[in-house]
Amino acid sequence: MKHFISSFQNLQTPSKNYFCVLVSVCLICALLPLGWSSEETDNQLIENLALFSQILAYVKQTHLDTPDSKELMEGAINGMLRKLDPYSQFIPDYTEFQTQNQGKYGGLGMTIGIREDMLTVITPFKDRPAALAGVLHGDVISHIEGESTAVMTVTEAVEQLRGEPGTQVSITIVRENEGRPIEVTITREVIRIPSVETEVIGDKIGYIKINQFLQTTAYDVDKAFVDFTEQNIRGIILDLRLNPGGLLSSAVDIASDFLRPGQLVVYSKGIETREDFVAKGEKRDDFPLIVLVNGGSASASEIVAGAIKDHGRGLVMGDKTFGKASVQRVFPLRNSKAAVKLTVARYYTPNDVDIDKIGIIPDVESPSFSRSEQQMQLKLRNHEKLKTFVEENGDNVLNKLAVASRASRDNRQAMKLLRNYQRLTDALSEEQIVLSDIGIKYALAQITDTSRDELEHDPQIVAAIEQLKVLELFAKRN
C-alpha cells in the first residue's frame, strides 16, 4: 500500500485530486480479496490503477466539458468489460434487468451477436419485420439511427433496436459482396415466436422445426412424437436452422429425445470447475435422424447438434454454425443496485469441441441458396407475376407441376401448364431475376396457401429426405 500511495506523490497534475485518489484506494481495497498474487497486486495492478487515477484527474480538472463522475466510471467499467468478450456487461439497474418481457416486445424479430468484433445478425425470424425488410443472417449492422455500432455491446444495441410497437428504427447493413452499405428503415412490432412447428412430410417423414429453446419446447416436441408414432413415421428431420438458442435445460431435454439415458450431452468448463449435463428420461425409438443447421444456429441449437453428431446418433447437414456457447453469471454488487455479468465458462461437445470458438461443422455440407440467390428470392417476395401464376393455375399449382412433369406429351393440359411455367421463368429472366428451377418453385411455395409446399420445396429439406432414405437402407442392412 505504501507503494500505491507513493505513486501519487509524483503526479504532475495541476493539483492533487483527492477524489481520484479516493477512487483508486476504493478500487484496490475491493480488488485485493479477489485472488491476485501479491506480485501482481504490488506491481501491475497498483501501477495500472495509478495510471487510471492520473488520467481521471486530468479529465476532471482540465477537460473543456464538465464530466459527470458516475458516467466516467461507468464508461471505464464498460470499456474494461468490452475487452473481455462480447457478452460480459455492466448492469446499472439489476432489478430492471431481471424484468422479463413475457415473450413479447416491440422489436424487429431478429437476434444479434458479435462476430469478429462486429455486430452481426444471427437470426432474422421468418415473416417478422427484419426478415420482411430483407435482412439476412450474417449481415453486419454498422449503424443504428446513424450511430456507429463499433463500440456498442449487444445489450446496448438491443436497447436501441427495441421500442414501442409501430415506431420505426433505421439501420445500416454491410453485406458480403455488396458494393455499398444498405439503409433499411423497419417498423417495430410485438414479436411472438412459436417455439416448435411440426409436420409429416414426404413419405412419412416427421419434421420438427425448433425456433427457440424455451420452457415449453420439450412438451411441444413430446406431443409431436405422439403424433409421429400414430402415423408410423420412417424418419425425423430436426430443423435447427436460424435457431439462436435459448435455455440450456431445454436443449438437454431435446437431446435426450434422441440419445440414450446417461449419455453426455454437453459439459461446461470454467477456471477450475467442470459440469456435465447428461441425457435423461426414457429412450425413444431410434428413427433415422437428420439435423439441419446453418450460420444462424447458435448456443442451445449448437449443443443439441454437437451431441447428436459426436454420438453418431444422426447426420448433421447444412452450413457451419454461428459459434456462440458460453456461460454468463450475474454478480450483484454490494451496496448498489448494479450488477456485473461475466463469462465464467464455455460449453464443449462430448468430443471436446469448444463450441464458442469453432461452432459445429456439419457431417454433410448442404448449402441452401447462395447470398445472390437469397437476394433474388427477396425480389420475388409478393411478386405480381408469381401471384398471377398461382391465381390462374390454382393454389395446388406446385403439385400440378410435379404431375405434369411426369405426364406424356399427349396430355395437352399438362403441356399447357409447363409452357405457362416456362413463360413465367422467361419473364423473370427479363427482369434480371435468374434462379434455378428449385429456387423459383420455392418462391412459389412461399406464396401458396398450402403449408406443406414451402417444406417440400426447401432444397435443404429435399436433400435431407434423400439422406434419410440412405440411412434407412443402411439400417435395414444392419
# chains A, B, ... in the order shown; residues from 1 in each chain; ligands from 1
>>> residues_around(residues="Thr216 in chain A", least_positions_apart="4", cutoff="9 Å", atoms="only C-alpha atoms", output="list in words")
Ser195, Val196, Asp220, Val221 and Ser250 of chain A
>>> write_last_selection(atoms="N, CA and C atoms", output="tab-separated table (two decimals), in the first residue's frame")
chain	number	residue	atom	x	y	z
A	195	SER	N	-42.32	-21.67	-30.48
A	195	SER	CA	-41.11	-22.44	-30.20
A	195	SER	C	-40.92	-23.61	-31.16
A	196	VAL	N	-42.03	-24.32	-31.44
A	196	VAL	CA	-41.93	-25.55	-32.23
A	196	VAL	C	-42.99	-25.58	-33.32
A	220	ASP	N	-43.81	-29.53	-26.28
A	220	ASP	CA	-44.30	-29.48	-27.67
A	220	ASP	C	-43.71	-30.61	-28.52
A	221	VAL	N	-42.43	-30.90	-28.29
A	221	VAL	CA	-41.78	-31.98	-29.04
A	221	VAL	C	-42.35	-33.34	-28.62
A	250	SER	N	-33.64	-26.81	-21.73
A	250	SER	CA	-34.47	-27.22	-22.87
A	250	SER	C	-33.62	-27.96	-23.90
>>> residues_around(residues="Gly202 in chain A", least_positions_apart="4", cutoff="12 Å", atoms="only C-alpha atoms", output="number ranges by chain")
A: 206-207, 233-237, 452-453, 455-457, 461-466, 468-469
>>> write_last_selection(atoms="N, CA, C and O atoms", output="CSV table (one decimal), in the first residue's frame")
chain,number,residue,atom,x,y,z
A,206,GLY,N,-41.2,-37.3,-40.3
A,206,GLY,CA,-41.6,-36.4,-39.2
A,206,GLY,C,-40.6,-35.2,-39.2
A,206,GLY,O,-39.4,-35.4,-39.2
A,207,TYR,N,-41.2,-34.0,-39.4
A,207,TYR,CA,-40.4,-32.8,-39.5
A,207,TYR,C,-40.7,-32.0,-38.2
A,207,TYR,O,-41.8,-31.7,-37.8
A,233,ILE,N,-44.2,-42.9,-38.7
A,233,ILE,CA,-43.2,-42.3,-39.5
A,233,ILE,C,-42.0,-43.2,-39.7
A,233,ILE,O,-41.7,-44.1,-38.9
A,234,ARG,N,-41.2,-42.8,-40.7
A,234,ARG,CA,-40.0,-43.6,-41.1
A,234,ARG,C,-38.7,-43.0,-40.7
A,234,ARG,O,-37.6,-43.6,-40.6
A,235,GLY,N,-38.7,-41.7,-40.4
A,235,GLY,CA,-37.5,-40.9,-40.0
A,235,GLY,C,-37.9,-39.5,-39.6
A,235,GLY,O,-39.0,-39.1,-39.7
A,236,ILE,N,-36.9,-38.8,-39.0
A,236,ILE,CA,-37.1,-37.5,-38.5
A,236,ILE,C,-36.1,-36.5,-39.0
A,236,ILE,O,-34.9,-36.8,-39.1
A,237,ILE,N,-36.6,-35.3,-39.4
A,237,ILE,CA,-35.7,-34.2,-39.7
A,237,ILE,C,-35.9,-33.2,-38.6
A,237,ILE,O,-37.0,-32.7,-38.3
A,452,ARG,N,-47.6,-27.2,-46.6
A,452,ARG,CA,-46.5,-28.2,-46.9
A,452,ARG,C,-45.6,-27.8,-48.1
A,452,ARG,O,-44.5,-28.3,-48.2
A,453,ASP,N,-46.2,-26.9,-48.9
A,453,ASP,CA,-45.4,-26.6,-50.1
A,453,ASP,C,-44.0,-26.0,-49.8
A,453,ASP,O,-43.0,-26.4,-50.4
A,455,LEU,N,-42.1,-26.5,-47.2
A,455,LEU,CA,-41.3,-27.5,-46.7
A,455,LEU,C,-40.8,-28.5,-47.8
A,455,LEU,O,-39.6,-28.8,-47.9
A,456,GLU,N,-41.7,-28.9,-48.6
A,456,GLU,CA,-41.4,-29.9,-49.6
A,456,GLU,C,-40.6,-29.3,-50.8
A,456,GLU,O,-40.1,-30.1,-51.6
A,457,HIS,N,-40.4,-28.0,-50.9
A,457,HIS,CA,-39.6,-27.4,-51.9
A,457,HIS,C,-38.4,-26.6,-51.4
A,457,HIS,O,-37.7,-25.9,-52.1
A,461,ILE,N,-34.3,-29.4,-47.2
A,461,ILE,CA,-35.2,-30.4,-46.7
A,461,ILE,C,-35.2,-31.5,-47.7
A,461,ILE,O,-35.3,-32.7,-47.4
A,462,VAL,N,-35.3,-31.2,-49.0
A,462,VAL,CA,-35.3,-32.2,-50.1
A,462,VAL,C,-34.0,-33.0,-50.0
A,462,VAL,O,-34.1,-34.3,-50.1
A,463,ALA,N,-32.9,-32.4,-49.8
A,463,ALA,CA,-31.6,-33.1,-49.6
A,463,ALA,C,-31.6,-34.0,-48.4
A,463,ALA,O,-31.1,-35.1,-48.4
A,464,ALA,N,-32.2,-33.5,-47.3
A,464,ALA,CA,-32.3,-34.3,-46.0
A,464,ALA,C,-33.2,-35.5,-46.2
A,464,ALA,O,-32.8,-36.6,-45.7
A,465,ILE,N,-34.3,-35.4,-47.0
A,465,ILE,CA,-35.1,-36.6,-47.2
A,465,ILE,C,-34.4,-37.6,-48.0
A,465,ILE,O,-34.5,-38.8,-47.7
A,466,GLU,N,-33.6,-37.2,-49.0
A,466,GLU,CA,-32.8,-38.2,-49.7
A,466,GLU,C,-31.7,-38.9,-48.8
A,466,GLU,O,-31.5,-40.1,-48.9
A,468,LEU,N,-32.1,-39.4,-45.6
A,468,LEU,CA,-32.9,-40.3,-44.7
A,468,LEU,C,-33.1,-41.6,-45.4
A,468,LEU,O,-33.0,-42.7,-44.8
A,469,LYS,N,-33.3,-41.6,-46.7
A,469,LYS,CA,-33.5,-42.9,-47.5
A,469,LYS,C,-32.3,-43.7,-47.4
A,469,LYS,O,-32.3,-44.9,-47.2
>>> residues_around(residues="Met110 in chain A", least_positions_apart="6", cutoff="6 Å", atoms="only C-alpha atoms", output="ChimeraX atom specification")
/A:123-125
>>> write_last_selection(atoms="all heavy atoms", output="mmCIF file, in the first residue's frame")
data_model
loop_
_atom_site.group_PDB
_atom_site.id
_atom_site.type_symbol
_atom_site.label_atom_id
_atom_site.label_comp_id
_atom_site.auth_asym_id
_atom_site.auth_seq_id
_atom_site.Cartn_x
_atom_site.Cartn_y
_atom_site.Cartn_z
ATOM 1 N N THR A 123 -30.055 -14.362 -36.430
ATOM 2 C CA THR A 123 -31.296 -14.930 -36.945
ATOM 3 C C THR A 123 -32.342 -13.865 -37.200
ATOM 4 O O THR A 123 -32.785 -13.209 -36.256
ATOM 5 C CB THR A 123 -31.884 -15.943 -35.942
ATOM 6 O OG1 THR A 123 -30.921 -16.950 -35.672
ATOM 7 C CG2 THR A 123 -33.147 -16.580 -36.485
ATOM 8 N N PRO A 124 -32.744 -13.650 -38.460
ATOM 9 C CA PRO A 124 -33.954 -12.865 -38.718
ATOM 10 C C PRO A 124 -35.128 -13.840 -38.791
ATOM 11 O O PRO A 124 -35.164 -14.728 -39.639
ATOM 12 C CB PRO A 124 -33.661 -12.226 -40.087
ATOM 13 C CG PRO A 124 -32.697 -13.157 -40.749
ATOM 14 C CD PRO A 124 -32.017 -13.984 -39.695
ATOM 15 N N PHE A 125 -36.085 -13.726 -37.867
ATOM 16 C CA PHE A 125 -37.173 -14.691 -37.818
ATOM 17 C C PHE A 125 -38.110 -14.513 -39.009
ATOM 18 O O PHE A 125 -38.459 -13.394 -39.390
ATOM 19 C CB PHE A 125 -37.953 -14.561 -36.514
ATOM 20 C CG PHE A 125 -37.181 -15.021 -35.314
ATOM 21 C CD1 PHE A 125 -36.690 -14.113 -34.394
ATOM 22 C CD2 PHE A 125 -36.941 -16.370 -35.118
ATOM 23 C CE1 PHE A 125 -35.974 -14.540 -33.298
ATOM 24 C CE2 PHE A 125 -36.223 -16.806 -34.020
ATOM 25 C CZ PHE A 125 -35.733 -15.886 -33.098
#
>>> residues_around(residues="Lys324 in chain A", least_positions_apart="5", cutoff="8 Å", atoms="only C-alpha atoms", output="tab-separated table (two decimals) with N, CA and C atoms, in the first residue's frame")
chain	number	residue	atom	x	y	z
A	298	ALA	N	-27.23	-21.18	-33.21
A	298	ALA	CA	-26.29	-20.76	-32.18
A	298	ALA	C	-26.69	-21.31	-30.82
A	299	SER	N	-25.72	-21.32	-29.90
A	299	SER	CA	-25.96	-21.60	-28.48
A	299	SER	C	-26.64	-22.96	-28.28
A	355	ILE	N	-17.38	-25.11	-28.58
A	355	ILE	CA	-18.43	-24.59	-29.47
A	355	ILE	C	-18.26	-23.10	-29.69
A	356	ASP	N	-17.87	-22.37	-28.63
A	356	ASP	CA	-17.80	-20.91	-28.71
A	356	ASP	C	-16.75	-20.45	-29.72
A	357	LYS	N	-15.71	-21.24	-29.93
A	357	LYS	CA	-14.65	-20.83	-30.84
A	357	LYS	C	-14.77	-21.46	-32.22
A	359	GLY	N	-17.73	-23.67	-33.34
A	359	GLY	CA	-19.04	-23.94	-33.88
A	359	GLY	C	-19.16	-25.42	-34.21
>>> residues_around(residues="Val344 in chain A", least_positions_apart="6", cutoff="10 Å", atoms="only C-alpha atoms", output="MDAnalysis selection string")
chainID A and resid 88 268:271 273 326:330
>>> residues_around(residues="Glu147 in chain A", least_positions_apart="6", cutoff="12 Å", atoms="only C-alpha atoms", output="list in words")
Ile141, Glu156, Ala157, Gln160, Leu161, Val169, Ser170, Ile171 and Thr172 of chain A
>>> write_last_selection(atoms="N, CA and C atoms", output="short mmCIF file (atom, residue, chain, number, x, y, z; two decimals), in the first residue's frame")
data_model
loop_
_atom_site.label_atom_id
_atom_site.label_comp_id
_atom_site.auth_asym_id
_atom_site.auth_seq_id
_atom_site.Cartn_x
_atom_site.Cartn_y
_atom_site.Cartn_z
N ILE A 141 -24.50 -5.09 -38.89
CA ILE A 141 -25.19 -3.82 -38.62
C ILE A 141 -24.13 -2.80 -38.22
N GLU A 156 -26.53 -2.96 -25.49
CA GLU A 156 -26.78 -1.58 -25.90
C GLU A 156 -27.48 -1.53 -27.25
N ALA A 157 -27.05 -2.41 -28.17
CA ALA A 157 -27.68 -2.44 -29.49
C ALA A 157 -29.13 -2.90 -29.39
N GLN A 160 -31.44 -0.20 -28.30
CA GLN A 160 -31.77 0.78 -29.34
C GLN A 160 -32.72 0.21 -30.39
N LEU A 161 -32.62 -1.08 -30.64
CA LEU A 161 -33.46 -1.69 -31.67
C LEU A 161 -34.88 -1.91 -31.18
N VAL A 169 -37.23 2.28 -36.74
CA VAL A 169 -35.81 2.40 -36.44
C VAL A 169 -35.05 2.16 -37.75
N SER A 170 -34.00 2.96 -37.95
CA SER A 170 -33.20 2.85 -39.17
C SER A 170 -31.88 2.16 -38.85
N ILE A 171 -31.50 1.20 -39.68
CA ILE A 171 -30.22 0.53 -39.51
C ILE A 171 -29.47 0.54 -40.83
N THR A 172 -28.15 0.50 -40.73
CA THR A 172 -27.28 0.41 -41.90
C THR A 172 -26.64 -0.96 -41.90
#
>>> atom_distance(atom1="CA of Ala414 in chain A", atom2="CA of Gly394 in chain A")
13.7 Å
>>> closest_residue(among="A:Glu302, A:Lys341, A:Val174, A:Leu248", to="Asn78 in chain A", atoms="only C-alpha atoms")
A:Lys341
>>> closest_residue(among="A:Leu119, A:Val266, A:Leu471, A:Leu240", to="Val353 in chain A", atoms="only C-alpha atoms")
A:Val266
>>> closest_residue(among="A:Ile361, A:Leu333, A:Val291, A:Leu444", to="Lys387 in chain A", atoms="only C-alpha atoms")
A:Leu444
